[in-house]
>>> print(open('input.cif').read())   # mmCIF, C-alpha atoms and all ligand atoms
data_data
loop_
_atom_site.label_atom_id
_atom_site.label_comp_id
_atom_site.auth_asym_id
_atom_site.auth_seq_id
_atom_site.Cartn_x
_atom_site.Cartn_y
_atom_site.Cartn_z
CA MET A 282 -12.39 11.30 8.78
CA SER A 283 -14.65 11.75 5.76
CA PRO A 284 -13.35 10.94 2.26
CA THR A 285 -11.76 13.73 0.25
CA THR A 286 -12.03 14.83 -3.35
CA ALA A 287 -8.23 15.24 -3.63
CA PHE A 288 -7.88 12.12 -5.78
CA ARG A 289 -10.10 9.69 -7.61
CA THR A 290 -7.52 7.16 -8.79
CA ALA A 291 -5.43 4.82 -6.68
CA ILE A 292 -2.49 2.97 -8.20
CA VAL A 293 -1.40 -0.33 -6.66
CA PRO A 294 1.89 -1.75 -7.96
CA ALA A 295 1.47 -5.54 -7.94
CA ALA A 296 3.84 -6.89 -10.59
CA GLY A 297 6.62 -8.16 -8.30
CA LEU A 298 7.85 -11.75 -8.38
CA GLY A 299 7.22 -12.23 -4.65
CA THR A 300 10.60 -13.96 -4.24
CA ARG A 301 10.43 -13.81 -0.44
CA PHE A 302 7.27 -15.94 -0.58
CA LEU A 303 8.58 -18.72 -2.79
CA PRO A 304 7.59 -21.47 -3.36
CA THR A 305 3.96 -20.30 -2.90
CA THR A 306 4.39 -17.42 -5.34
CA LYS A 307 5.37 -19.79 -8.17
CA SER A 308 1.68 -19.80 -9.07
CA VAL A 309 -0.16 -17.66 -6.45
CA PRO A 310 0.43 -13.87 -6.54
CA LYS A 311 1.43 -12.68 -3.09
CA GLU A 312 -1.23 -9.94 -3.27
CA LEU A 313 -3.85 -12.71 -3.09
CA LEU A 314 -2.48 -14.35 0.04
CA PRO A 315 -5.13 -14.11 2.76
CA VAL A 316 -4.96 -12.00 5.89
CA VAL A 317 -7.42 -14.28 7.75
CA ASP A 318 -9.88 -14.71 4.85
CA THR A 319 -9.29 -11.58 2.76
CA PRO A 320 -6.56 -11.06 0.16
CA ALA A 321 -4.10 -8.32 1.08
CA ILE A 322 -4.96 -6.36 -2.06
CA GLU A 323 -8.63 -6.17 -1.03
CA LEU A 324 -7.61 -4.61 2.30
CA VAL A 325 -5.57 -1.99 0.44
CA ALA A 326 -8.38 -1.36 -2.08
CA ALA A 327 -10.84 -0.91 0.79
CA GLU A 328 -8.51 1.66 2.35
CA ALA A 329 -8.30 3.55 -0.96
CA ALA A 330 -12.09 3.47 -1.40
CA GLU A 331 -12.63 4.67 2.18
CA ALA A 332 -10.37 7.65 1.41
CA GLY A 333 -12.46 8.55 -1.66
CA ALA A 334 -10.86 6.64 -4.58
CA GLU A 335 -13.24 5.52 -7.28
CA ARG A 336 -10.77 3.76 -9.55
CA LEU A 337 -8.05 1.26 -8.79
CA VAL A 338 -5.28 0.79 -11.34
CA ILE A 339 -3.54 -2.50 -10.58
CA VAL A 340 -0.10 -2.52 -12.17
CA THR A 341 0.67 -6.14 -12.78
CA SER A 342 2.55 -8.56 -14.99
CA PRO A 343 0.93 -10.65 -17.73
CA GLU A 344 1.31 -13.79 -15.54
CA LYS A 345 -0.65 -12.30 -12.64
CA SER A 346 -4.09 -11.69 -14.19
CA SER A 347 -5.78 -13.42 -11.23
CA VAL A 348 -5.03 -10.32 -9.12
CA ALA A 349 -7.47 -8.24 -11.19
CA GLY A 350 -9.83 -11.24 -11.32
CA HIS A 351 -10.45 -10.73 -7.61
CA PHE A 352 -12.20 -7.44 -8.46
CA GLN A 353 -14.50 -8.99 -11.08
CA SER A 354 -17.92 -10.26 -10.10
CA ARG A 355 -18.69 -13.97 -10.17
CA PRO A 356 -22.42 -14.28 -11.02
CA ASP A 357 -22.26 -18.10 -10.99
CA LEU A 358 -20.75 -18.27 -7.50
CA GLU A 359 -23.06 -15.52 -6.25
CA GLN A 360 -26.10 -17.44 -7.54
CA THR A 361 -24.96 -20.64 -5.84
CA LEU A 362 -24.42 -18.85 -2.54
CA ALA A 363 -27.78 -17.06 -2.85
CA ASP A 364 -29.56 -20.38 -3.60
CA ARG A 365 -27.98 -21.88 -0.49
CA GLY A 366 -28.95 -18.90 1.66
CA LYS A 367 -25.29 -18.11 2.45
CA THR A 368 -25.81 -14.37 2.72
CA ALA A 369 -22.71 -13.55 4.78
CA LEU A 370 -20.46 -15.30 2.26
CA LEU A 371 -22.34 -13.65 -0.61
CA GLU A 372 -21.53 -10.27 0.88
CA LYS A 373 -17.85 -11.19 1.19
CA VAL A 374 -17.73 -12.33 -2.45
CA ARG A 375 -19.38 -9.12 -3.65
CA ARG A 376 -17.26 -6.76 -1.59
CA ALA A 377 -14.13 -6.40 -3.76
CA PRO A 378 -15.96 -5.70 -7.08
CA GLY A 379 -18.21 -3.22 -5.25
CA LEU A 380 -15.40 -1.19 -3.68
CA LEU A 381 -14.22 0.67 -6.77
CA GLN A 382 -13.73 0.24 -10.49
CA ALA A 383 -10.60 -1.87 -11.03
CA GLU A 384 -8.43 -1.65 -14.14
CA VAL A 385 -5.16 -3.24 -15.11
CA ALA A 386 -1.95 -1.66 -16.37
CA ILE A 387 0.70 -4.10 -17.51
CA GLN A 388 4.33 -3.82 -16.43
CA GLU A 389 6.20 -6.09 -18.83
CA GLN A 390 9.53 -5.96 -16.98
CA ALA A 391 10.24 -5.49 -13.27
CA LEU A 392 12.34 -2.32 -13.62
CA GLY A 393 11.48 -0.78 -10.24
CA LEU A 394 8.70 0.95 -8.32
CA GLY A 395 9.06 4.19 -10.28
CA HIS A 396 8.69 2.28 -13.53
CA ALA A 397 5.62 0.45 -12.17
CA VAL A 398 3.88 3.71 -11.26
CA ALA A 399 4.75 5.19 -14.67
CA CYS A 400 3.02 2.20 -16.33
CA ALA A 401 -0.30 3.52 -14.96
CA ARG A 402 0.02 6.84 -16.78
CA PRO A 403 -2.09 5.80 -19.82
CA ASN A 404 -4.94 4.94 -17.44
CA LEU A 405 -5.19 8.48 -16.07
CA THR A 406 -7.94 10.88 -17.08
CA GLU A 407 -7.78 14.67 -17.37
CA ALA A 408 -9.47 14.88 -13.98
CA ASP A 409 -6.56 13.16 -12.23
CA ASP A 410 -4.62 16.17 -10.86
CA ALA A 411 -3.20 13.86 -8.23
CA VAL A 412 -3.12 10.10 -7.71
CA ALA A 413 -2.77 7.93 -4.64
CA VAL A 414 -0.21 5.14 -4.71
CA LEU A 415 -0.61 2.31 -2.20
CA LEU A 416 1.99 -0.43 -1.87
CA PRO A 417 0.10 -3.65 -1.12
CA ASP A 418 2.96 -4.97 1.05
CA ASP A 419 2.35 -2.22 3.58
CA LEU A 420 -0.68 -2.26 5.85
CA VAL A 421 -0.90 1.13 7.57
CA LEU A 422 -3.14 1.02 10.64
CA PRO A 423 -5.54 2.40 11.52
CA THR A 424 -6.72 3.46 8.05
CA GLY A 425 -7.12 7.18 7.44
CA ALA A 426 -3.54 8.13 6.52
CA LEU A 427 -4.53 9.01 2.93
CA THR A 428 -7.29 11.31 4.12
CA ALA A 429 -4.88 13.11 6.45
CA MET A 430 -2.42 13.43 3.54
CA ALA A 431 -5.15 14.87 1.29
CA ARG A 432 -5.81 17.58 3.89
CA VAL A 433 -2.13 18.50 3.79
CA ARG A 434 -2.21 18.72 -0.02
CA GLU A 435 -5.24 21.03 0.25
CA ARG A 436 -3.14 23.32 2.42
CA PHE A 437 0.32 23.19 0.81
CA GLY A 438 -0.36 21.83 -2.68
CA GLY A 439 2.12 19.48 -4.34
CA SER A 440 2.70 15.94 -3.15
CA VAL A 441 2.26 14.39 0.29
CA LEU A 442 3.73 11.13 1.52
CA CYS A 443 3.26 9.04 4.63
CA ALA A 444 6.25 8.67 6.96
CA PHE A 445 7.03 6.32 9.80
CA ASP A 446 9.71 6.96 12.38
CA ILE A 447 11.91 3.87 12.00
CA PRO A 448 14.82 2.70 14.18
CA ARG A 449 18.03 3.90 12.50
CA GLU A 450 19.47 0.39 12.23
CA GLN A 451 16.54 -0.59 9.95
CA ILE A 452 16.51 2.59 7.87
CA SER A 453 18.45 1.27 4.87
CA ALA A 454 15.43 -0.78 3.77
CA TYR A 455 13.49 2.41 3.02
CA GLY A 456 13.18 5.68 1.14
CA VAL A 457 14.24 8.30 3.70
CA PHE A 458 13.23 11.95 4.03
CA ASP A 459 15.31 15.02 4.78
CA VAL A 460 12.82 17.24 6.61
CA ASP A 461 12.08 20.58 8.23
CA PRO A 462 9.28 21.14 10.75
CA THR A 463 6.11 23.07 9.87
CA ASP A 464 3.75 24.79 12.31
CA THR A 465 1.80 21.53 12.61
CA ASP A 466 3.02 18.53 14.63
CA ASP A 467 3.64 15.50 12.45
CA VAL A 468 3.47 17.47 9.20
CA LEU A 469 6.99 17.99 7.88
CA ARG A 470 8.32 19.76 4.81
CA VAL A 471 10.55 17.52 2.74
CA LYS A 472 13.73 19.04 1.34
CA GLY A 473 15.24 15.85 -0.02
CA MET A 474 14.62 12.13 -0.30
CA VAL A 475 17.03 9.24 -0.71
CA GLU A 476 16.38 5.56 -1.40
CA LYS A 477 17.93 2.95 0.91
CA PRO A 478 20.77 5.01 2.42
CA ALA A 479 23.37 3.49 4.76
CA PRO A 480 22.25 4.16 8.38
CA GLU A 481 25.05 6.70 8.96
CA ALA A 482 24.18 8.55 5.74
CA ALA A 483 20.39 8.66 6.35
CA PRO A 484 19.20 12.29 6.60
CA SER A 485 16.61 11.35 9.27
CA THR A 486 14.78 8.34 10.66
CA PHE A 487 11.56 9.23 8.81
CA ALA A 488 10.91 6.64 6.10
CA ALA A 489 8.35 6.26 3.32
CA ALA A 490 5.76 3.71 4.29
CA GLY A 491 3.82 2.73 1.23
CA ARG A 492 1.26 5.55 0.94
CA TYR A 493 1.81 8.39 -1.52
CA LEU A 494 -0.44 11.20 -2.72
CA LEU A 495 1.38 12.39 -5.81
CA ASP A 496 0.75 15.41 -7.94
CA ARG A 497 0.40 14.54 -11.61
CA ALA A 498 3.77 16.27 -12.17
CA VAL A 499 5.40 13.08 -10.86
CA PHE A 500 4.79 11.37 -14.20
CA ASP A 501 7.02 13.89 -16.02
CA ALA A 502 9.66 13.39 -13.34
CA LEU A 503 9.39 9.61 -13.76
CA ASP A 504 10.19 10.05 -17.46
CA ARG A 505 13.44 11.80 -16.55
CA ILE A 506 14.96 9.59 -13.84
CA THR A 507 17.71 7.04 -14.46
CA PRO A 508 18.29 3.76 -12.59
CA GLY A 509 19.12 4.38 -8.92
CA ALA A 510 19.42 2.15 -5.82
CA GLY A 511 19.55 -1.53 -6.80
CA GLY A 512 19.75 -0.53 -10.48
CA GLU A 513 15.99 0.18 -10.43
CA LEU A 514 13.92 3.15 -11.52
CA GLN A 515 12.97 4.45 -8.08
CA LEU A 516 9.83 6.42 -7.20
CA THR A 517 11.97 8.07 -4.52
CA ASP A 518 14.25 9.55 -7.21
CA ALA A 519 11.26 11.07 -9.05
CA VAL A 520 10.08 12.66 -5.78
CA ALA A 521 13.63 13.94 -5.12
CA LEU A 522 13.68 15.48 -8.62
CA LEU A 523 10.36 17.23 -7.98
CA ILE A 524 11.76 18.69 -4.74
CA GLU A 525 14.90 19.92 -6.52
CA GLU A 526 12.68 21.68 -9.04
CA GLY A 527 10.75 23.52 -6.32
CA HIS A 528 7.64 21.35 -6.17
CA PRO A 529 6.20 21.25 -2.62
CA VAL A 530 6.50 17.87 -0.89
CA HIS A 531 5.36 17.17 2.67
CA VAL A 532 5.00 14.12 4.84
CA VAL A 533 2.44 13.21 7.44
CA VAL A 534 4.11 11.20 10.20
CA HIS A 535 1.83 8.26 10.96
CA ARG A 536 1.93 7.29 14.63
CA GLY A 537 -0.18 4.14 14.30
CA GLY A 538 0.83 0.61 13.46
CA ARG A 539 2.12 -1.03 10.33
CA HIS A 540 2.50 -4.55 8.99
CA ASP A 541 5.01 -5.47 6.31
CA LEU A 542 3.23 -8.15 4.29
CA GLY A 543 6.21 -8.53 1.97
CA ASN A 544 7.82 -11.33 3.95
CA PRO A 545 6.39 -14.41 5.69
CA GLY A 546 7.28 -13.17 9.20
CA GLY A 547 5.48 -9.85 8.75
CA PHE A 548 2.58 -11.55 7.02
CA LEU A 549 2.07 -13.99 9.90
CA ARG A 550 2.06 -11.14 12.39
CA ALA A 551 -0.60 -9.35 10.36
CA ALA A 552 -2.69 -12.53 10.10
CA VAL A 553 -2.50 -13.14 13.86
CA ASP A 554 -3.24 -9.49 14.60
CA PHE A 555 -6.33 -9.46 12.36
CA ALA A 556 -7.46 -12.92 13.51
CA LEU A 557 -7.32 -11.90 17.18
CA GLU A 558 -9.72 -9.05 16.37
CA ASN A 559 -12.04 -11.33 14.39
CA PRO A 560 -15.20 -12.34 16.31
CA GLU A 561 -15.33 -15.71 14.56
CA TYR A 562 -11.74 -16.81 15.06
CA GLY A 563 -10.37 -14.45 17.72
CA PRO A 564 -11.48 -16.05 20.99
CA GLU A 565 -10.38 -19.57 20.11
CA LEU A 566 -7.09 -18.39 18.63
CA ARG A 567 -6.32 -16.33 21.74
CA GLU A 568 -6.86 -19.34 23.96
CA TRP A 569 -4.78 -21.64 21.77
CA LEU A 570 -1.99 -19.09 21.42
CA SER A 571 -1.68 -18.51 25.18
CA GLN A 572 -1.60 -22.28 25.75
CA ARG A 573 0.96 -22.72 22.98
CA LEU A 574 3.16 -19.94 24.35
CA SER A 575 3.00 -21.20 27.92
CA ASP A 576 3.84 -24.76 26.72
CA ALA A 577 6.80 -23.36 24.79
CA ALA A 578 8.04 -21.46 27.86
CA ARG A 579 8.21 -24.62 29.95
C1 LIG B 1 9.70 0.59 -1.38
C2 LIG B 1 10.15 2.04 -1.65
C3 LIG B 1 10.73 2.66 -0.40
C4 LIG B 1 9.72 2.58 0.73
C5 LIG B 1 9.28 1.12 0.94
C6 LIG B 1 8.15 1.05 1.96
O1 LIG B 1 10.85 -0.18 -1.14
O2 LIG B 1 11.10 2.03 -2.71
O3 LIG B 1 11.07 4.01 -0.65
O4 LIG B 1 10.26 3.11 1.91
O5 LIG B 1 8.81 0.53 -0.29
O6 LIG B 1 7.77 -0.26 2.23
P1 LIG B 1 10.83 -1.81 -1.20
O7 LIG B 1 10.21 -2.27 0.08
O8 LIG B 1 10.01 -2.18 -2.40
O9 LIG B 1 12.27 -2.21 -1.33
#
>>> encode(input="input.cif", output="structure tokens", more="lines below")
Ligand code: G1P
Amino acid sequence: MSPTTAFRTAIVPAAGLGTRFLPTTKSVPKELLPVVDTPAIELVAAEAAEAGAERLVIVTSPEKSSVAGHFQSRPDLEQTLADRGKTALLEKVRRAPGLLQAEVAIQEQALGLGHAVACARPNLTEADDAVAVLLPDDLVLPTGALTAMARVRERFGGSVLCAFDIPREQISAYGVFDVDPTDTDDVLRVKGMVEKPAPEAAPSTFAAAGRYLLDRAVFDALDRITPGAGGELQLTDAVALLIEEGHPVHVVVHRGGRHDLGNPGGFLRAAVDFALENPEYGPELREWLSQRLSDAAR
């Protein structure tokens, strides 16, 4: 799918403490942990750029400036690699700064996802009628979900989110949609949204999966919400408020894969998945893994 003009700015909330990745995250932001050789946040930035984003607003804490550093160029390192004829590595080093223009918005206190997104408001320009929000813990595969969501915004206006159909017993980890069908398969109209409901109270099994295309109106809604699930200012509650006020909200149900990079188990799965597809490391890893698994089965 070709990129859209529906949004120019992508917001990536990256201020979290990464508690599930301690002790590593004492000094290394989890967004910089490598999926094979590439930091997770570069994968997410590449997805945003592919969908048409030109600017990336990284919402981060004062202690995590190295996250934005990944999007700055390193002339010294580039020169060294060029002098040594390491052109493939040179390309890898140049990729992140070349994807889009990265900026930082500081979230001083971890008050919730809604608060993090609101911290990006001063970075917006008049041209930003809508913004994309990508949670760097979620890898949505194959890429292209944002482009499909932009098409739905072109048709219905308002805001469009990405949904996954999740087993009901896992649903209370997510923001969950109350939906009606439309005339298009896998495009649903949202009539309510609730953050982390108990399984029996969940209005459906369709859950928010880290990709949002939000009308600018969300920023006014974010100003009006109060702490919700977990005592945090929830993006879900701002979306629910927009719906209550008659703002159109739809979801595109994504039928592909997903990796949750927010915990070591999910991160390892993503790393193995990407490594198996990698021409440099894939074949050897496959052989070692099959041997390892057959040894373990004995
Ligand atoms: C956040 C959102 C939730 C969404 C989830 C997707 O929750 O609040 O609505 O479903 O991301 O990964 P978190 O995982 O930060 O608790």
>>> residues_near_point(input="input.cif", point="(-11.4, 9.4, -5.5)", cutoff="9 Å", atoms="all atoms listed in the file", output="list in words")
Pro284, Thr285, Thr286, Ala287, Phe288, Arg289, Thr290, Ala291, Ala329, Ala330, Ala332, Gly333, Ala334, Glu335, Arg336, Val412 and Ala413 of chain A
>>> write_last_selection(input="input.cif", atoms="C-alpha atoms", output="compact mmCIF listing (two decimals), in the coordinates of the input")
# COMPACT_ATOMS: atom_id res chain seq x y z
CA PRO A 284 -13.35 10.94 2.26
CA THR A 285 -11.76 13.73 0.25
CA THR A 286 -12.03 14.83 -3.35
CA ALA A 287 -8.23 15.24 -3.63
CA PHE A 288 -7.88 12.12 -5.78
CA ARG A 289 -10.10 9.69 -7.61
CA THR A 290 -7.52 7.16 -8.79
CA ALA A 291 -5.43 4.82 -6.68
CA ALA A 329 -8.30 3.55 -0.96
CA ALA A 330 -12.09 3.47 -1.40
CA ALA A 332 -10.37 7.65 1.41
CA GLY A 333 -12.46 8.55 -1.66
CA ALA A 334 -10.86 6.64 -4.58
CA GLU A 335 -13.24 5.52 -7.28
CA ARG A 336 -10.77 3.76 -9.55
CA VAL A 412 -3.12 10.10 -7.71
CA ALA A 413 -2.77 7.93 -4.64
>>> closest_residue(input="input.cif", among="A:Arg436, A:Arg536, A:Arg402, A:Arg505", to="A:Asp467", atoms="only C-alpha atoms")
A:Arg536
>>> residues_near_ligand(input="input.cif", ligand="ligand LIG 1 (chain B)", cutoff="10 Å", atoms="all atoms listed in the file", output="JSON, numbers by chain")
{"A": [294, 297, 393, 394, 395, 415, 416, 417, 418, 419, 420, 443, 444, 445, 452, 453, 454, 455, 456, 457, 458, 474, 475, 476, 477, 487, 488, 489, 490, 491, 492, 510, 511, 513, 514, 515, 516, 517, 518, 539, 540, 541, 542, 543]}
>>> atom_distance(input="input.cif", atom1="atom CA of A:Leu337", atom2="atom CA of A:Leu370")
23.5 Å
>>> atom_distance(input="input.cif", atom1="atom CA of A:Ala519", atom2="atom CA of A:Thr507")
9.3 Å
>>> atom_distance(input="input.cif", atom1="atom CA of A:Asn404", atom2="atom CA of A:Lys345")
18.4 Å
>>> residues_around(input="input.cif", residues="stretch 301-305 of chain A", least_positions_apart="4", cutoff="7 Å", atoms="all atoms listed in the file", output="PyMOL selection string")
chain A and resi 309+544-545
>>> closest_residue(input="input.cif", among="A:Ala321, A:Ala411, A:Ala327, A:Leu358", to="A:Ser440", atoms="only C-alpha atoms")
A:Ala411
>>> closest_residue(input="input.cif", among="A:Glu328, A:Val553, A:Val520, A:Val421", to="A:Glu565", atoms="only C-alpha atoms")
A:Val553
>>> residues_near_point(input="input.cif", point="(10.9, 13.6, -10.1)", cutoff="9 Å", atoms="all atoms listed in the file", output="list in words")
Ala498, Val499, Phe500, Asp501, Ala502, Leu503, Asp504, Arg505, Ile506, Leu516, Thr517, Asp518, Ala519, Val520, Ala521, Leu522, Leu523, Ile524, Glu525 and Glu526 of chain A
>>> build_atoms(input="input.cif", residues="stretch 360-380 of chain A", atoms="N, CA and C atoms", output="PDB file, in the coordinates of the input")
ATOM      1  N   GLN A 360     -24.800 -16.743  -7.431  1.00  0.00           N
ATOM      2  CA  GLN A 360     -26.100 -17.440  -7.540  1.00  0.00           C
ATOM      3  C   GLN A 360     -26.120 -18.675  -6.637  1.00  0.00           C
ATOM      4  N   THR A 361     -25.026 -19.427  -6.668  1.00  0.00           N
ATOM      5  CA  THR A 361     -24.960 -20.640  -5.840  1.00  0.00           C
ATOM      6  C   THR A 361     -25.082 -20.269  -4.359  1.00  0.00           C
ATOM      7  N   LEU A 362     -24.367 -19.248  -3.950  1.00  0.00           N
ATOM      8  CA  LEU A 362     -24.420 -18.850  -2.540  1.00  0.00           C
ATOM      9  C   LEU A 362     -25.803 -18.341  -2.173  1.00  0.00           C
ATOM     10  N   ALA A 363     -26.429 -17.588  -3.101  1.00  0.00           N
ATOM     11  CA  ALA A 363     -27.780 -17.060  -2.850  1.00  0.00           C
ATOM     12  C   ALA A 363     -28.759 -18.226  -2.722  1.00  0.00           C
ATOM     13  N   ASP A 364     -28.655 -19.211  -3.638  1.00  0.00           N
ATOM     14  CA  ASP A 364     -29.560 -20.380  -3.600  1.00  0.00           C
ATOM     15  C   ASP A 364     -29.429 -21.128  -2.283  1.00  0.00           C
ATOM     16  N   ARG A 365     -28.204 -21.126  -1.742  1.00  0.00           N
ATOM     17  CA  ARG A 365     -27.980 -21.880  -0.490  1.00  0.00           C
ATOM     18  C   ARG A 365     -28.219 -21.018   0.746  1.00  0.00           C
ATOM     19  N   GLY A 366     -28.647 -19.786   0.529  1.00  0.00           N
ATOM     20  CA  GLY A 366     -28.950 -18.900   1.660  1.00  0.00           C
ATOM     21  C   GLY A 366     -27.707 -18.444   2.418  1.00  0.00           C
ATOM     22  N   LYS A 367     -26.544 -18.502   1.772  1.00  0.00           N
ATOM     23  CA  LYS A 367     -25.290 -18.110   2.450  1.00  0.00           C
ATOM     24  C   LYS A 367     -25.060 -16.610   2.278  1.00  0.00           C
ATOM     25  N   THR A 368     -25.842 -15.816   2.972  1.00  0.00           N
ATOM     26  CA  THR A 368     -25.810 -14.370   2.720  1.00  0.00           C
ATOM     27  C   THR A 368     -24.507 -13.704   3.199  1.00  0.00           C
ATOM     28  N   ALA A 369     -23.959 -14.183   4.282  1.00  0.00           N
ATOM     29  CA  ALA A 369     -22.710 -13.550   4.780  1.00  0.00           C
ATOM     30  C   ALA A 369     -21.588 -13.782   3.778  1.00  0.00           C
ATOM     31  N   LEU A 370     -21.512 -15.011   3.253  1.00  0.00           N
ATOM     32  CA  LEU A 370     -20.460 -15.300   2.260  1.00  0.00           C
ATOM     33  C   LEU A 370     -20.710 -14.521   0.969  1.00  0.00           C
ATOM     34  N   LEU A 371     -21.976 -14.407   0.601  1.00  0.00           N
ATOM     35  CA  LEU A 371     -22.340 -13.650  -0.610  1.00  0.00           C
ATOM     36  C   LEU A 371     -21.833 -12.211  -0.498  1.00  0.00           C
ATOM     37  N   GLU A 372     -22.018 -11.640   0.661  1.00  0.00           N
ATOM     38  CA  GLU A 372     -21.530 -10.270   0.880  1.00  0.00           C
ATOM     39  C   GLU A 372     -20.011 -10.183   0.742  1.00  0.00           C
ATOM     40  N   LYS A 373     -19.330 -11.177   1.290  1.00  0.00           N
ATOM     41  CA  LYS A 373     -17.850 -11.190   1.190  1.00  0.00           C
ATOM     42  C   LYS A 373     -17.416 -11.283  -0.265  1.00  0.00           C
ATOM     43  N   VAL A 374     -18.100 -12.127  -1.045  1.00  0.00           N
ATOM     44  CA  VAL A 374     -17.730 -12.330  -2.450  1.00  0.00           C
ATOM     45  C   VAL A 374     -17.987 -11.060  -3.266  1.00  0.00           C
ATOM     46  N   ARG A 375     -19.024 -10.323  -2.894  1.00  0.00           N
ATOM     47  CA  ARG A 375     -19.380  -9.120  -3.650  1.00  0.00           C
ATOM     48  C   ARG A 375     -18.567  -7.895  -3.250  1.00  0.00           C
ATOM     49  N   ARG A 376     -17.875  -7.987  -2.136  1.00  0.00           N
ATOM     50  CA  ARG A 376     -17.260  -6.760  -1.590  1.00  0.00           C
ATOM     51  C   ARG A 376     -16.210  -6.172  -2.531  1.00  0.00           C
ATOM     52  N   ALA A 377     -15.243  -6.964  -2.969  1.00  0.00           N
ATOM     53  CA  ALA A 377     -14.130  -6.400  -3.760  1.00  0.00           C
ATOM     54  C   ALA A 377     -14.639  -5.719  -5.042  1.00  0.00           C
ATOM     55  N   PRO A 378     -15.495  -6.382  -5.862  1.00  0.00           N
ATOM     56  CA  PRO A 378     -15.960  -5.700  -7.080  1.00  0.00           C
ATOM     57  C   PRO A 378     -16.774  -4.439  -6.775  1.00  0.00           C
ATOM     58  N   GLY A 379     -17.368  -4.369  -5.589  1.00  0.00           N
ATOM     59  CA  GLY A 379     -18.210  -3.220  -5.250  1.00  0.00           C
ATOM     60  C   GLY A 379     -17.435  -2.043  -4.688  1.00  0.00           C
ATOM     61  N   LEU A 380     -16.159  -2.250  -4.362  1.00  0.00           N
ATOM     62  CA  LEU A 380     -15.400  -1.190  -3.680  1.00  0.00           C
ATOM     63  C   LEU A 380     -15.110  -0.028  -4.621  1.00  0.00           C
TER      64      LEU A 380
END
